[in-house]
>>> print(open('start-v2.csv').read())   # CSV, C-alpha atoms and all ligand atoms
chain,number,residue,atom,x,y,z
A,1,MET,CA,11.5,-14.3,29.5
A,2,THR,CA,11.8,-11.9,26.6
A,3,ALA,CA,9.3,-9.1,26.4
A,4,THR,CA,6.7,-9.1,23.6
A,5,PRO,CA,8.1,-6.8,20.9
A,6,LEU,CA,6.2,-3.6,20.3
A,7,ALA,CA,5.6,-2.5,16.7
A,8,ALA,CA,4.3,1.0,15.9
A,9,VAL,CA,2.3,1.4,12.7
A,10,THR,CA,1.3,4.6,10.9
A,11,GLY,CA,-1.7,4.2,8.6
A,12,ALA,CA,-2.8,1.2,10.6
A,13,GLU,CA,-6.4,1.9,9.9
A,14,GLY,CA,-6.0,1.8,6.2
A,15,PHE,CA,-6.0,-1.0,3.6
A,16,ILE,CA,-2.4,-2.5,3.9
A,17,GLY,CA,-1.9,-1.1,7.4
A,18,SER,CA,-4.9,-3.1,8.8
A,19,HIS,CA,-3.6,-6.3,7.2
A,20,LEU,CA,-0.1,-5.6,8.5
A,21,THR,CA,-1.5,-5.1,12.0
A,22,GLU,CA,-3.2,-8.5,11.9
A,23,ALA,CA,0.0,-10.1,10.6
A,24,LEU,CA,2.1,-8.5,13.3
A,25,VAL,CA,-0.2,-9.8,16.1
A,26,ALA,CA,-0.3,-13.2,14.5
A,27,SER,CA,3.5,-13.3,14.6
A,28,GLY,CA,3.7,-12.4,18.3
A,29,HIS,CA,3.8,-8.6,18.4
A,30,ARG,CA,2.0,-6.0,20.4
A,31,VAL,CA,1.0,-3.2,18.0
A,32,ARG,CA,0.6,0.5,18.7
A,33,ALA,CA,-1.6,1.6,15.8
A,34,MET,CA,-2.0,5.2,14.7
A,35,ALA,CA,-5.3,5.9,13.2
A,36,GLN,CA,-6.1,9.3,11.7
A,37,TYR,CA,-9.1,11.0,13.2
A,38,ASN,CA,-11.8,11.8,10.7
A,39,SER,CA,-15.4,12.8,11.0
A,40,PHE,CA,-16.7,9.5,9.6
A,41,SER,CA,-15.0,6.9,11.7
A,42,SER,CA,-12.2,7.1,14.2
A,43,TYR,CA,-10.5,3.8,13.7
A,44,GLY,CA,-11.1,2.8,10.0
A,45,TRP,CA,-10.6,-0.8,9.3
A,46,LEU,CA,-9.1,-1.4,12.8
A,47,GLU,CA,-12.7,-1.4,14.0
A,48,THR,CA,-13.3,-4.6,12.0
A,49,LEU,CA,-10.4,-6.7,13.3
A,50,SER,CA,-11.3,-9.6,15.6
A,51,PRO,CA,-11.3,-9.1,19.4
A,52,ASP,CA,-8.3,-11.5,19.7
A,53,VAL,CA,-6.3,-9.2,17.4
A,54,LEU,CA,-7.5,-6.0,19.1
A,55,ASP,CA,-6.5,-7.4,22.5
A,56,GLN,CA,-2.9,-6.8,21.4
A,57,VAL,CA,-3.5,-3.5,19.7
A,58,GLU,CA,-3.3,-0.1,21.3
A,59,ILE,CA,-5.0,2.5,19.1
A,60,VAL,CA,-3.8,6.1,19.2
A,61,LEU,CA,-5.4,8.8,17.2
A,62,GLY,CA,-2.9,11.0,15.4
A,63,ASP,CA,-1.7,12.4,12.2
A,64,VAL,CA,1.8,12.0,10.6
A,65,ARG,CA,1.7,15.7,9.8
A,66,ASP,CA,1.8,16.4,13.5
A,67,PRO,CA,5.3,15.8,14.9
A,68,GLY,CA,4.0,15.5,18.5
A,69,SER,CA,1.6,12.7,17.7
A,70,VAL,CA,4.3,10.8,15.8
A,71,ARG,CA,6.7,11.2,18.8
A,72,GLY,CA,4.1,9.6,21.0
A,73,LEU,CA,3.5,6.8,18.6
A,74,VAL,CA,7.2,5.9,18.3
A,75,GLU,CA,8.1,6.0,22.0
A,76,GLY,CA,9.4,2.6,23.1
A,77,ALA,CA,8.7,0.8,19.8
A,78,ASP,CA,11.1,-1.9,18.7
A,79,CYS,CA,10.2,-1.3,15.1
A,80,VAL,CA,8.2,1.4,13.3
A,81,TYR,CA,6.2,0.6,10.1
A,82,HIS,CA,5.4,3.8,8.3
A,83,LEU,CA,2.5,3.3,5.9
A,84,ALA,CA,0.4,6.5,6.4
A,85,ALA,CA,0.1,8.3,3.1
A,86,LEU,CA,-2.2,9.9,0.6
A,87,ILE,CA,-2.4,7.2,-2.0
A,88,ALA,CA,-4.9,8.1,-4.7
A,89,ILE,CA,-2.9,9.1,-7.9
A,90,PRO,CA,-5.8,11.0,-9.6
A,91,TYR,CA,-6.4,13.2,-6.6
A,92,SER,CA,-2.7,14.2,-6.5
A,93,TYR,CA,-3.1,16.2,-9.7
A,94,GLN,CA,-5.8,18.3,-8.0
A,95,ALA,CA,-4.3,18.6,-4.5
A,96,PRO,CA,-0.5,18.3,-4.8
A,97,HIS,CA,0.2,20.3,-1.6
A,98,SER,CA,-1.7,17.8,0.5
A,99,TYR,CA,0.5,15.0,-0.9
A,100,VAL,CA,3.7,16.8,0.0
A,101,ASP,CA,2.3,17.6,3.5
A,102,THR,CA,1.4,14.0,4.2
A,103,ASN,CA,3.9,12.0,2.2
A,104,VAL,CA,7.0,14.2,2.5
A,105,THR,CA,6.6,16.2,5.7
A,106,GLY,CA,4.8,13.2,7.3
A,107,THR,CA,7.8,11.0,6.5
A,108,LEU,CA,10.2,13.6,7.8
A,109,ASN,CA,8.3,13.6,11.1
A,110,VAL,CA,8.6,9.8,11.4
A,111,LEU,CA,12.3,10.0,10.6
A,112,GLU,CA,12.9,12.7,13.2
A,113,ALA,CA,10.9,10.8,15.9
A,114,VAL,CA,12.8,7.5,15.1
A,115,ARG,CA,16.1,9.4,15.2
A,116,ALA,CA,15.3,11.1,18.5
A,117,GLN,CA,14.1,7.8,20.1
A,118,GLY,CA,16.9,5.7,18.7
A,119,THR,CA,14.3,3.2,17.5
A,120,PRO,CA,16.1,0.0,16.3
A,121,ARG,CA,14.3,-0.3,12.9
A,122,LEU,CA,12.1,1.8,10.6
A,123,VAL,CA,10.3,0.3,7.7
A,124,HIS,CA,9.4,3.0,5.2
A,125,THR,CA,6.9,2.5,2.5
A,126,SER,CA,7.7,3.5,-1.1
A,127,THR,CA,5.7,2.5,-4.2
A,128,SER,CA,6.4,1.0,-7.7
A,129,GLU,CA,5.0,4.3,-9.1
A,130,THR,CA,8.4,6.0,-8.4
A,131,TYR,CA,9.9,4.0,-11.3
A,132,GLY,CA,7.5,5.4,-13.9
A,133,THR,CA,6.9,3.4,-17.1
A,134,ALA,CA,9.4,0.5,-17.1
A,135,ARG,CA,12.4,1.0,-19.3
A,136,THR,CA,13.4,-2.6,-18.8
A,137,VAL,CA,11.4,-5.4,-17.3
A,138,PRO,CA,11.3,-6.9,-14.7
A,139,ILE,CA,12.2,-3.8,-12.7
A,140,THR,CA,15.0,-4.2,-10.3
A,141,GLU,CA,15.7,-1.6,-7.5
A,142,ASP,CA,18.5,-0.1,-9.7
A,143,HIS,CA,15.9,1.0,-12.3
A,144,PRO,CA,15.9,4.8,-12.7
A,145,ILE,CA,13.3,6.8,-10.8
A,146,HIS,CA,11.0,8.8,-13.0
A,147,THR,CA,8.1,10.4,-11.2
A,148,GLN,CA,5.1,10.8,-13.6
A,149,SER,CA,2.5,12.2,-11.1
A,150,PRO,CA,2.7,14.5,-8.0
A,151,TYR,CA,1.8,11.4,-6.0
A,152,ALA,CA,4.9,9.5,-7.3
A,153,ALA,CA,7.0,12.6,-6.7
A,154,SER,CA,5.8,12.9,-3.1
A,155,LYS,CA,6.6,9.3,-2.4
A,156,ALA,CA,10.0,9.6,-4.0
A,157,GLY,CA,10.6,12.6,-1.9
A,158,GLY,CA,9.9,10.5,1.2
A,159,ASP,CA,12.3,7.8,-0.1
A,160,ARG,CA,15.1,10.3,-0.6
A,161,LEU,CA,14.6,11.7,2.9
A,162,ALA,CA,14.8,8.1,4.3
A,163,ASP,CA,18.0,7.5,2.3
A,164,SER,CA,19.5,10.7,3.6
A,165,TYR,CA,18.7,9.9,7.3
A,166,HIS,CA,20.4,6.6,6.8
A,167,ALA,CA,23.5,8.3,5.2
A,168,SER,CA,23.6,11.2,7.6
A,169,PHE,CA,22.6,9.8,11.0
A,170,ASP,CA,22.8,6.1,10.5
A,171,THR,CA,19.1,5.8,11.0
A,172,PRO,CA,18.2,2.1,10.6
A,173,VAL,CA,15.8,2.5,7.7
A,174,VAL,CA,14.6,-0.2,5.3
A,175,THR,CA,12.5,0.9,2.3
A,176,LEU,CA,9.9,-1.5,1.0
A,177,ARG,CA,8.5,-0.7,-2.5
A,178,PRO,CA,5.2,-2.6,-3.0
A,179,PHE,CA,3.8,-3.0,-6.5
A,180,ASN,CA,0.0,-2.7,-7.0
A,181,THR,CA,-1.4,-4.3,-3.9
A,182,TYR,CA,-5.1,-5.5,-4.0
A,183,GLY,CA,-7.4,-7.4,-1.8
A,184,PRO,CA,-10.1,-7.1,0.9
A,185,ARG,CA,-10.6,-3.6,2.3
A,186,GLN,CA,-9.0,-1.8,-0.7
A,187,SER,CA,-10.6,1.5,-1.6
A,188,MET,CA,-13.5,1.2,-4.1
A,189,ARG,CA,-11.6,3.7,-6.2
A,190,ALA,CA,-8.9,1.2,-7.1
A,191,VAL,CA,-9.4,-0.7,-10.3
A,192,ILE,CA,-10.0,-4.2,-8.9
A,193,PRO,CA,-12.7,-3.2,-6.4
A,194,THR,CA,-14.2,-0.9,-9.0
A,195,VAL,CA,-14.7,-3.8,-11.5
A,196,ILE,CA,-15.9,-6.2,-8.8
A,197,GLY,CA,-18.3,-3.6,-7.5
A,198,GLN,CA,-19.7,-3.0,-11.0
A,199,VAL,CA,-20.2,-6.7,-11.6
A,200,ALA,CA,-21.8,-7.2,-8.2
A,201,ALA,CA,-24.2,-4.4,-9.0
A,202,GLY,CA,-25.3,-6.3,-12.1
A,203,GLU,CA,-23.3,-4.5,-14.7
A,204,ARG,CA,-22.1,-6.6,-17.6
A,205,THR,CA,-20.4,-3.7,-19.5
A,206,ILE,CA,-17.6,-2.4,-17.3
A,207,THR,CA,-16.6,1.2,-17.8
A,208,LEU,CA,-12.9,2.2,-17.0
A,209,GLY,CA,-10.2,4.5,-18.0
A,210,ASP,CA,-7.1,3.3,-19.9
A,211,LEU,CA,-7.2,-0.4,-20.6
A,212,ARG,CA,-3.6,-0.7,-21.9
A,213,PRO,CA,-1.4,-0.2,-18.8
A,214,THR,CA,0.1,-3.4,-17.3
A,215,ARG,CA,0.6,-4.0,-13.6
A,216,ASP,CA,2.0,-6.6,-11.2
A,217,PHE,CA,-0.9,-7.1,-8.9
A,218,THR,CA,0.2,-8.4,-5.5
A,219,PHE,CA,-2.2,-9.8,-2.9
A,220,VAL,CA,-2.4,-7.7,0.3
A,221,LYS,CA,-1.6,-10.6,2.6
A,222,ASP,CA,1.7,-11.2,0.7
A,223,THR,CA,2.5,-7.5,0.9
A,224,ALA,CA,1.9,-7.6,4.6
A,225,GLN,CA,4.3,-10.6,4.9
A,226,ALA,CA,6.9,-8.6,3.0
A,227,PHE,CA,6.7,-5.8,5.6
A,228,LEU,CA,7.1,-8.4,8.4
A,229,ALA,CA,10.1,-10.0,6.5
A,230,VAL,CA,12.0,-6.7,6.3
A,231,GLY,CA,11.0,-5.8,9.8
A,232,ARG,CA,12.6,-8.8,11.4
A,233,ALA,CA,15.5,-9.7,9.1
A,234,PRO,CA,19.0,-9.3,10.5
A,235,ALA,CA,20.0,-5.6,10.2
A,236,GLU,CA,23.1,-6.3,8.0
A,237,ARG,CA,20.8,-7.8,5.3
A,238,VAL,CA,18.2,-5.1,5.0
A,239,VAL,CA,19.1,-1.8,6.7
A,240,GLY,CA,19.9,1.0,4.3
A,241,ARG,CA,18.4,-0.9,1.4
A,242,THR,CA,15.3,-0.7,-0.8
A,243,PHE,CA,13.3,-3.8,-1.7
A,244,ASN,CA,10.7,-4.4,-4.4
A,245,ALA,CA,7.7,-6.4,-3.3
A,246,GLY,CA,5.8,-7.9,-6.2
A,247,THR,CA,5.0,-11.2,-7.9
A,248,GLY,CA,6.8,-10.8,-11.2
A,249,GLY,CA,3.5,-11.3,-13.0
A,250,GLU,CA,2.1,-8.9,-15.6
A,251,ILE,CA,-1.4,-8.3,-16.8
A,252,SER,CA,-3.1,-5.4,-18.7
A,253,VAL,CA,-6.1,-3.7,-17.2
A,254,GLY,CA,-8.2,-5.0,-20.1
A,255,ASP,CA,-7.1,-8.6,-19.5
A,256,LEU,CA,-7.6,-8.1,-15.8
A,257,VAL,CA,-11.3,-7.3,-16.4
A,258,ALA,CA,-11.7,-10.6,-18.4
A,259,LEU,CA,-10.0,-12.5,-15.6
A,260,ILE,CA,-12.3,-10.9,-12.9
A,261,GLY,CA,-15.2,-12.0,-15.1
A,262,LYS,CA,-13.9,-15.5,-15.1
A,263,VAL,CA,-13.4,-15.6,-11.3
A,264,MET,CA,-17.0,-14.2,-10.9
A,265,ASP,CA,-18.3,-16.5,-13.6
A,266,THR,CA,-19.7,-13.7,-15.7
A,267,ALA,CA,-18.9,-12.7,-19.3
A,268,LEU,CA,-18.0,-9.0,-19.4
A,269,ASP,CA,-17.6,-6.3,-22.0
A,270,VAL,CA,-15.4,-3.4,-21.3
A,271,ARG,CA,-15.6,0.3,-22.4
A,272,GLU,CA,-13.2,3.1,-22.1
A,273,ASP,CA,-14.4,6.4,-20.6
A,274,GLU,CA,-12.1,9.2,-21.5
A,275,ARG,CA,-13.0,11.2,-18.5
A,276,ARG,CA,-11.2,8.6,-16.4
A,277,LEU,CA,-7.9,8.9,-18.3
A,278,ARG,CA,-5.0,10.4,-16.5
A,279,PRO,CA,-3.4,13.6,-17.9
A,280,ALA,CA,-1.3,13.1,-21.1
A,281,ASN,CA,2.0,11.3,-20.5
A,282,SER,CA,1.2,10.8,-16.9
A,283,GLU,CA,-0.1,7.3,-16.9
A,284,VAL,CA,2.5,4.7,-16.0
A,285,MET,CA,2.2,2.2,-18.8
A,286,ARG,CA,4.1,-0.8,-17.5
A,287,LEU,CA,5.2,-2.0,-14.0
A,288,VAL,CA,6.5,-5.5,-13.3
A,289,ALA,CA,8.6,-6.4,-10.2
A,290,ASP,CA,11.9,-8.2,-9.9
A,291,ALA,CA,11.8,-9.1,-6.2
A,292,THR,CA,14.9,-11.2,-6.2
A,293,ARG,CA,16.6,-8.9,-3.7
A,294,LEU,CA,13.8,-9.3,-1.2
A,295,ARG,CA,13.7,-13.1,-1.7
A,296,GLU,CA,17.5,-13.4,-1.2
A,297,ALA,CA,17.6,-11.2,1.8
A,298,THR,CA,14.6,-12.5,3.7
A,299,GLY,CA,13.2,-15.6,2.0
A,300,TRP,CA,9.9,-13.8,1.1
A,301,ALA,CA,7.9,-15.1,-1.8
A,302,PRO,CA,4.2,-14.5,-2.6
A,303,ALA,CA,1.8,-17.2,-1.5
A,304,HIS,CA,-1.1,-16.2,-3.7
A,305,ASP,CA,-1.4,-16.1,-7.5
A,306,LEU,CA,-3.7,-13.6,-9.1
A,307,VAL,CA,-6.7,-16.0,-9.4
A,308,GLN,CA,-6.5,-17.0,-5.8
A,309,GLY,CA,-6.1,-13.4,-4.6
A,310,LEU,CA,-9.0,-12.3,-6.8
A,311,ALA,CA,-11.2,-15.0,-5.4
A,312,HIS,CA,-10.6,-13.8,-1.8
A,313,THR,CA,-11.2,-10.3,-2.9
A,314,VAL,CA,-14.5,-11.2,-4.6
A,315,ASP,CA,-15.6,-13.0,-1.5
A,316,PHE,CA,-15.0,-9.9,0.6
A,317,PHE,CA,-16.8,-7.5,-1.7
A,318,ARG,CA,-19.8,-9.9,-2.1
A,319,ASP,CA,-20.4,-9.8,1.7
A,320,PRO,CA,-23.1,-7.1,2.2
A,321,ALA,CA,-21.7,-6.3,5.7
A,322,ASN,CA,-18.4,-5.4,4.1
A,323,LEU,CA,-19.9,-3.3,1.4
A,324,ALA,CA,-22.0,-1.5,4.0
A,325,ARG,CA,-18.9,-0.3,5.7
A,326,TYR,CA,-17.9,1.6,2.6
A,327,LYS,CA,-21.2,3.4,2.7
A,328,THR,CA,-20.8,4.3,6.4
A,329,GLY,CA,-17.5,5.9,5.7
A,330,ILE,CA,-14.7,3.4,6.3
A,331,TYR,CA,-12.6,4.0,3.3
A,332,ASN,CA,-9.2,5.1,2.4
A,333,ILE,CA,-8.3,7.2,-0.6
B,1,LIG,C1,1.3,1.1,-6.7
B,1,LIG,C2,0.2,2.1,-6.7
B,1,LIG,O1,-1.1,1.4,-6.7
B,1,LIG,C3,-2.2,2.1,-6.7
B,1,LIG,O2,-2.3,3.0,-7.8
B,1,LIG,P1,-3.0,2.6,-9.2
B,1,LIG,O3,-1.9,2.1,-10.1
B,1,LIG,O4,-3.8,3.8,-9.6
B,1,LIG,O5,-4.0,1.5,-8.8
B,1,LIG,P2,-5.2,0.8,-9.4
B,1,LIG,O6,-5.1,-0.6,-9.0
B,1,LIG,O7,-6.4,1.5,-9.1
B,1,LIG,O8,-4.9,1.0,-11.0
B,1,LIG,C4,-4.2,0.1,-11.8
B,1,LIG,C5,-4.3,0.5,-13.2
B,1,LIG,O9,-5.6,0.6,-13.7
B,1,LIG,C6,-5.8,1.8,-14.5
B,1,LIG,N1,-7.2,2.1,-14.6
B,1,LIG,C7,-7.9,2.1,-15.8
B,1,LIG,N2,-9.1,2.5,-15.6
B,1,LIG,C8,-9.3,2.7,-14.2
B,1,LIG,C9,-10.4,3.1,-13.5
B,1,LIG,O10,-11.5,3.3,-14.0
B,1,LIG,N3,-10.2,3.2,-12.1
B,1,LIG,C10,-9.0,3.0,-11.6
B,1,LIG,N4,-8.8,3.1,-10.2
B,1,LIG,N5,-7.9,2.6,-12.3
B,1,LIG,C11,-8.1,2.4,-13.6
B,1,LIG,C12,-5.0,2.8,-13.7
B,1,LIG,O11,-4.8,3.9,-14.5
B,1,LIG,C13,-3.7,2.0,-13.4
B,1,LIG,O12,-2.9,2.0,-14.6
B,1,LIG,C14,-2.3,3.1,-5.5
B,1,LIG,O13,-2.7,2.4,-4.4
B,1,LIG,C15,-1.0,3.9,-5.3
B,1,LIG,O14,-1.0,4.4,-4.1
B,1,LIG,C16,0.2,3.1,-5.6
B,1,LIG,O15,1.3,3.4,-5.1
>>> encode(input="start-v2.csv", output="structure tokens")
Amino acid sequence: MTATPLAAVTGAEGFIGSHLTEALVASGHRVRAMAQYNSFSSYGWLETLSPDVLDQVEIVLGDVRDPGSVRGLVEGADCVYHLAALIAIPYSYQAPHSYVDTNVTGTLNVLEAVRAQGTPRLVHTSTSETYGTARTVPITEDHPIHTQSPYAASKAGGDRLADSYHASFDTPVVTLRPFNTYGPRQSMRAVIPTVIGQVAAGERTITLGDLRPTRDFTFVKDTAQAFLAVGRAPAERVVGRTFNAGTGGEISVGDLVALIGKVMDTALDVREDERRLRPANSEVMRLVADATRLREATGWAPAHDLVQGLAHTVDFFRDPANLARYKTGIYNI
């Protein structure tokens, strides 16, 4: 009898991490999930997972900035999924040091722990933001890196460290680069929950920042499957490589508002509020994924189109119990 594989997940209490935790359990893993202690809630979204899932989850409190807690998390794991990060782009202009501490030093701590333990696989999380405004679309992994925010720079720093550990120590790292992921449990600060929340509150004129940027919105359950796919693919196909995870679709923020209105059966007007604009030249204007490499290496393909994913997301945010959780402090920035 083979032992149940143990996956260790940083950022498990967050948006994508909680969906990944569910997907790992559904595919036969035990999960050691690291949740960051905070004064609102210890276990974030992990608290909301079903008892059947939680039966297979060992929750440890820790922080990627603390090498000791990362070492404890990684011990004995068959695969480590590193998702913990500060993710809010606007806040990175105000608190860049925090982003370097968590996204660069935190990643270094994970790499060191994996190296010391000889963990068979590390899946490191990058972001489409590292490409900056697309020079050519769709964006392949060979597109130049152009970091237009401290957030993007901190994530690219983590990516470079991951590459260097593979080159220097043969650390078995795979880098997954998700494009804009959305869905249930996403922070209300992100654009899709912001719009759904305004409509649900009875607004018919939606106020946002820049309406022109285009994005490749990818449903969170598809992103979670992309993590699983690179976590279990044969090493020779994925280790030492970077993979985009996105649908290849493209929609502007303005058109997205109209589409959410359609899904919610509500006609919407939209207004730009210049206080929400990002600093000059910092907004990434265009991101569209070419995920051919991921599909060829693992067979991954998204199972939800934008309308289907938005419908699931609207259902989640319409449930008062879910909305109440945001008010009691379960959120991720
Ligand atoms: C891949 C990437 O994905 C996320 O970053 P994000 O792109 O900021 O995500 P979003 O879905 O909130 O914005 C999409 C677009 O919508 C624009 N936008 C306009 N007006 C508002 C507005 O009023 N609010 C927000 N939140 N966005 C707005 C905004 O400027 C952007 O062009 C992070 O998780 C990040 O960690 C990450 O790596």
>>> atom_distance(input="start-v2.csv", atom1="CA of Tyr91 (chain A)", atom2="CA of Gln36 (chain A)")
18.7 Å
>>> residues_near_ligand(input="start-v2.csv", ligand="ligand LIG 1 (chain B)", cutoff="9 Å", atoms="all atoms listed in the file", output="JSON, numbers by chain")
{"A": [85, 86, 87, 88, 89, 90, 126, 127, 128, 129, 130, 151, 152, 155, 177, 178, 179, 180, 181, 182, 186, 187, 188, 189, 190, 191, 192, 193, 194, 195, 206, 207, 208, 209, 210, 211, 212, 213, 214, 215, 216, 217, 252, 253, 254, 272, 273, 276, 277, 278, 283, 284, 285, 286, 287, 333]}
>>> closest_residue(input="start-v2.csv", among="A:Gln56, A:Thr10, A:Thr205, A:Ser50", to="His29 (chain A)", atoms="all atoms listed in the file")
A:Gln56
>>> atom_distance(input="start-v2.csv", atom1="CA of Leu268 (chain A)", atom2="CA of Leu306 (chain A)")
18.2 Å
>>> closest_residue(input="start-v2.csv", among="A:Pro51, A:Ala33, A:Ala224, A:Val25", to="Thr4 (chain A)", atoms="only C-alpha atoms")
A:Val25
>>> closest_residue(input="start-v2.csv", among="A:Ala3, A:Val80, A:Val288, A:Leu122", to="Asp163 (chain A)", atoms="only C-alpha atoms")
A:Leu122
>>> residues_around(input="start-v2.csv", residues="Pro184 (chain A)", least_positions_apart="6", cutoff="10 Å", atoms="only C-alpha atoms", output="VMD selection string")
chain A and resid 15 to 16 19 193 219 to 221 309 to 310 312 to 317 322
>>> residues_near_point(input="start-v2.csv", point="(16.6, 0.5, -12.5)", cutoff="12 Å", atoms="all atoms listed in the file", output="number ranges by chain")
A: 128, 130-146, 242, 244, 287-290
>>> atom_distance(input="start-v2.csv", atom1="CA of Gly299 (chain A)", atom2="CA of Leu83 (chain A)")
22.1 Å
>>> residues_around(input="start-v2.csv", residues="Asn103 (chain A)", least_positions_apart="3", cutoff="9 Å", atoms="only C-alpha atoms", output="list of chain:residue names")
A:Val64, A:Arg65, A:Ala84, A:Ala85, A:Leu86, A:Ile87, A:Ser98, A:Tyr99, A:Val100, A:Gly106, A:Thr107, A:Leu108, A:Tyr151, A:Ser154, A:Lys155, A:Gly157, A:Gly158
>>> residues_around(input="start-v2.csv", residues="Ala116 (chain A)", least_positions_apart="2", cutoff="10 Å", atoms="all atoms listed in the file", output="PyMOL selection string")
chain A and resi 71+74-75+110-114+118-119+171
>>> residues_around(input="start-v2.csv", residues="Ala291 (chain A)", least_positions_apart="5", cutoff="8 Å", atoms="only C-alpha atoms", output="PyMOL selection string")
chain A and resi 140+243-248
>>> closest_residue(input="start-v2.csv", among="A:Trp45, A:Phe227, A:Tyr326, A:Tyr93", to="Val174 (chain A)", atoms="only C-alpha atoms")
A:Phe227
>>> closest_residue(input="start-v2.csv", among="A:Asp55, A:Asp159, A:Asp66, A:Glu296", to="Val104 (chain A)", atoms="all atoms listed in the file")
A:Asp159
>>> closest_residue(input="start-v2.csv", among="A:Arg241, A:Lys327, A:Arg32, A:Arg295", to="Ala167 (chain A)", atoms="all atoms listed in the file")
A:Arg241
>>> decode(input="start-v2.csv", residues="region 277-292 of chain A", atoms="N, CA and C atoms", output="PDB file, in the first residue's frame")
ATOM      1  N   LEU A 277      -7.078  55.540  -9.699  1.00  0.00           N
ATOM      2  CA  LEU A 277      -6.085  55.250 -10.747  1.00  0.00           C
ATOM      3  C   LEU A 277      -4.743  54.910 -10.108  1.00  0.00           C
ATOM      4  N   ARG A 278      -4.003  54.042 -10.764  1.00  0.00           N
ATOM      5  CA  ARG A 278      -2.654  53.712 -10.286  1.00  0.00           C
ATOM      6  C   ARG A 278      -1.695  54.810 -10.725  1.00  0.00           C
ATOM      7  N   PRO A 279      -0.512  54.935 -10.089  1.00  0.00           N
ATOM      8  CA  PRO A 279       0.424  56.002 -10.470  1.00  0.00           C
ATOM      9  C   PRO A 279       0.755  55.957 -11.963  1.00  0.00           C
ATOM     10  N   ALA A 280       1.081  57.127 -12.510  1.00  0.00           N
ATOM     11  CA  ALA A 280       1.332  57.263 -13.953  1.00  0.00           C
ATOM     12  C   ALA A 280       2.283  56.188 -14.451  1.00  0.00           C
ATOM     13  N   ASN A 281       1.963  55.588 -15.584  1.00  0.00           N
ATOM     14  CA  ASN A 281       2.796  54.573 -16.241  1.00  0.00           C
ATOM     15  C   ASN A 281       2.931  53.267 -15.456  1.00  0.00           C
ATOM     16  N   SER A 282       2.214  53.144 -14.360  1.00  0.00           N
ATOM     17  CA  SER A 282       2.354  51.931 -13.552  1.00  0.00           C
ATOM     18  C   SER A 282       1.299  50.891 -13.908  1.00  0.00           C
ATOM     19  N   GLU A 283       0.140  51.331 -14.365  1.00  0.00           N
ATOM     20  CA  GLU A 283      -0.919  50.381 -14.711  1.00  0.00           C
ATOM     21  C   GLU A 283      -0.456  49.472 -15.856  1.00  0.00           C
ATOM     22  N   VAL A 284      -0.647  48.192 -15.674  1.00  0.00           N
ATOM     23  CA  VAL A 284      -0.376  47.230 -16.751  1.00  0.00           C
ATOM     24  C   VAL A 284      -1.609  47.230 -17.656  1.00  0.00           C
ATOM     25  N   MET A 285      -1.432  47.622 -18.906  1.00  0.00           N
ATOM     26  CA  MET A 285      -2.590  47.892 -19.778  1.00  0.00           C
ATOM     27  C   MET A 285      -3.141  46.651 -20.469  1.00  0.00           C
ATOM     28  N   ARG A 286      -2.299  45.624 -20.635  1.00  0.00           N
ATOM     29  CA  ARG A 286      -2.797  44.488 -21.411  1.00  0.00           C
ATOM     30  C   ARG A 286      -2.105  43.195 -20.975  1.00  0.00           C
ATOM     31  N   LEU A 287      -2.898  42.178 -20.628  1.00  0.00           N
ATOM     32  CA  LEU A 287      -2.351  40.861 -20.257  1.00  0.00           C
ATOM     33  C   LEU A 287      -3.255  39.763 -20.825  1.00  0.00           C
ATOM     34  N   VAL A 288      -2.708  38.934 -21.652  1.00  0.00           N
ATOM     35  CA  VAL A 288      -3.440  37.790 -22.223  1.00  0.00           C
ATOM     36  C   VAL A 288      -2.482  36.604 -22.276  1.00  0.00           C
ATOM     37  N   ALA A 289      -2.919  35.467 -21.746  1.00  0.00           N
ATOM     38  CA  ALA A 289      -2.012  34.318 -21.616  1.00  0.00           C
ATOM     39  C   ALA A 289      -1.972  33.450 -22.871  1.00  0.00           C
ATOM     40  N   ASP A 290      -0.777  32.988 -23.170  1.00  0.00           N
ATOM     41  CA  ASP A 290      -0.620  31.804 -24.025  1.00  0.00           C
ATOM     42  C   ASP A 290      -0.200  30.681 -23.076  1.00  0.00           C
ATOM     43  N   ALA A 291      -1.102  29.738 -22.832  1.00  0.00           N
ATOM     44  CA  ALA A 291      -0.818  28.649 -21.879  1.00  0.00           C
ATOM     45  C   ALA A 291      -0.518  27.343 -22.612  1.00  0.00           C
ATOM     46  N   THR A 292      -0.024  27.454 -23.840  1.00  0.00           N
ATOM     47  CA  THR A 292       0.278  26.246 -24.626  1.00  0.00           C
ATOM     48  C   THR A 292       1.285  25.345 -23.904  1.00  0.00           C
TER      49      THR A 292
END
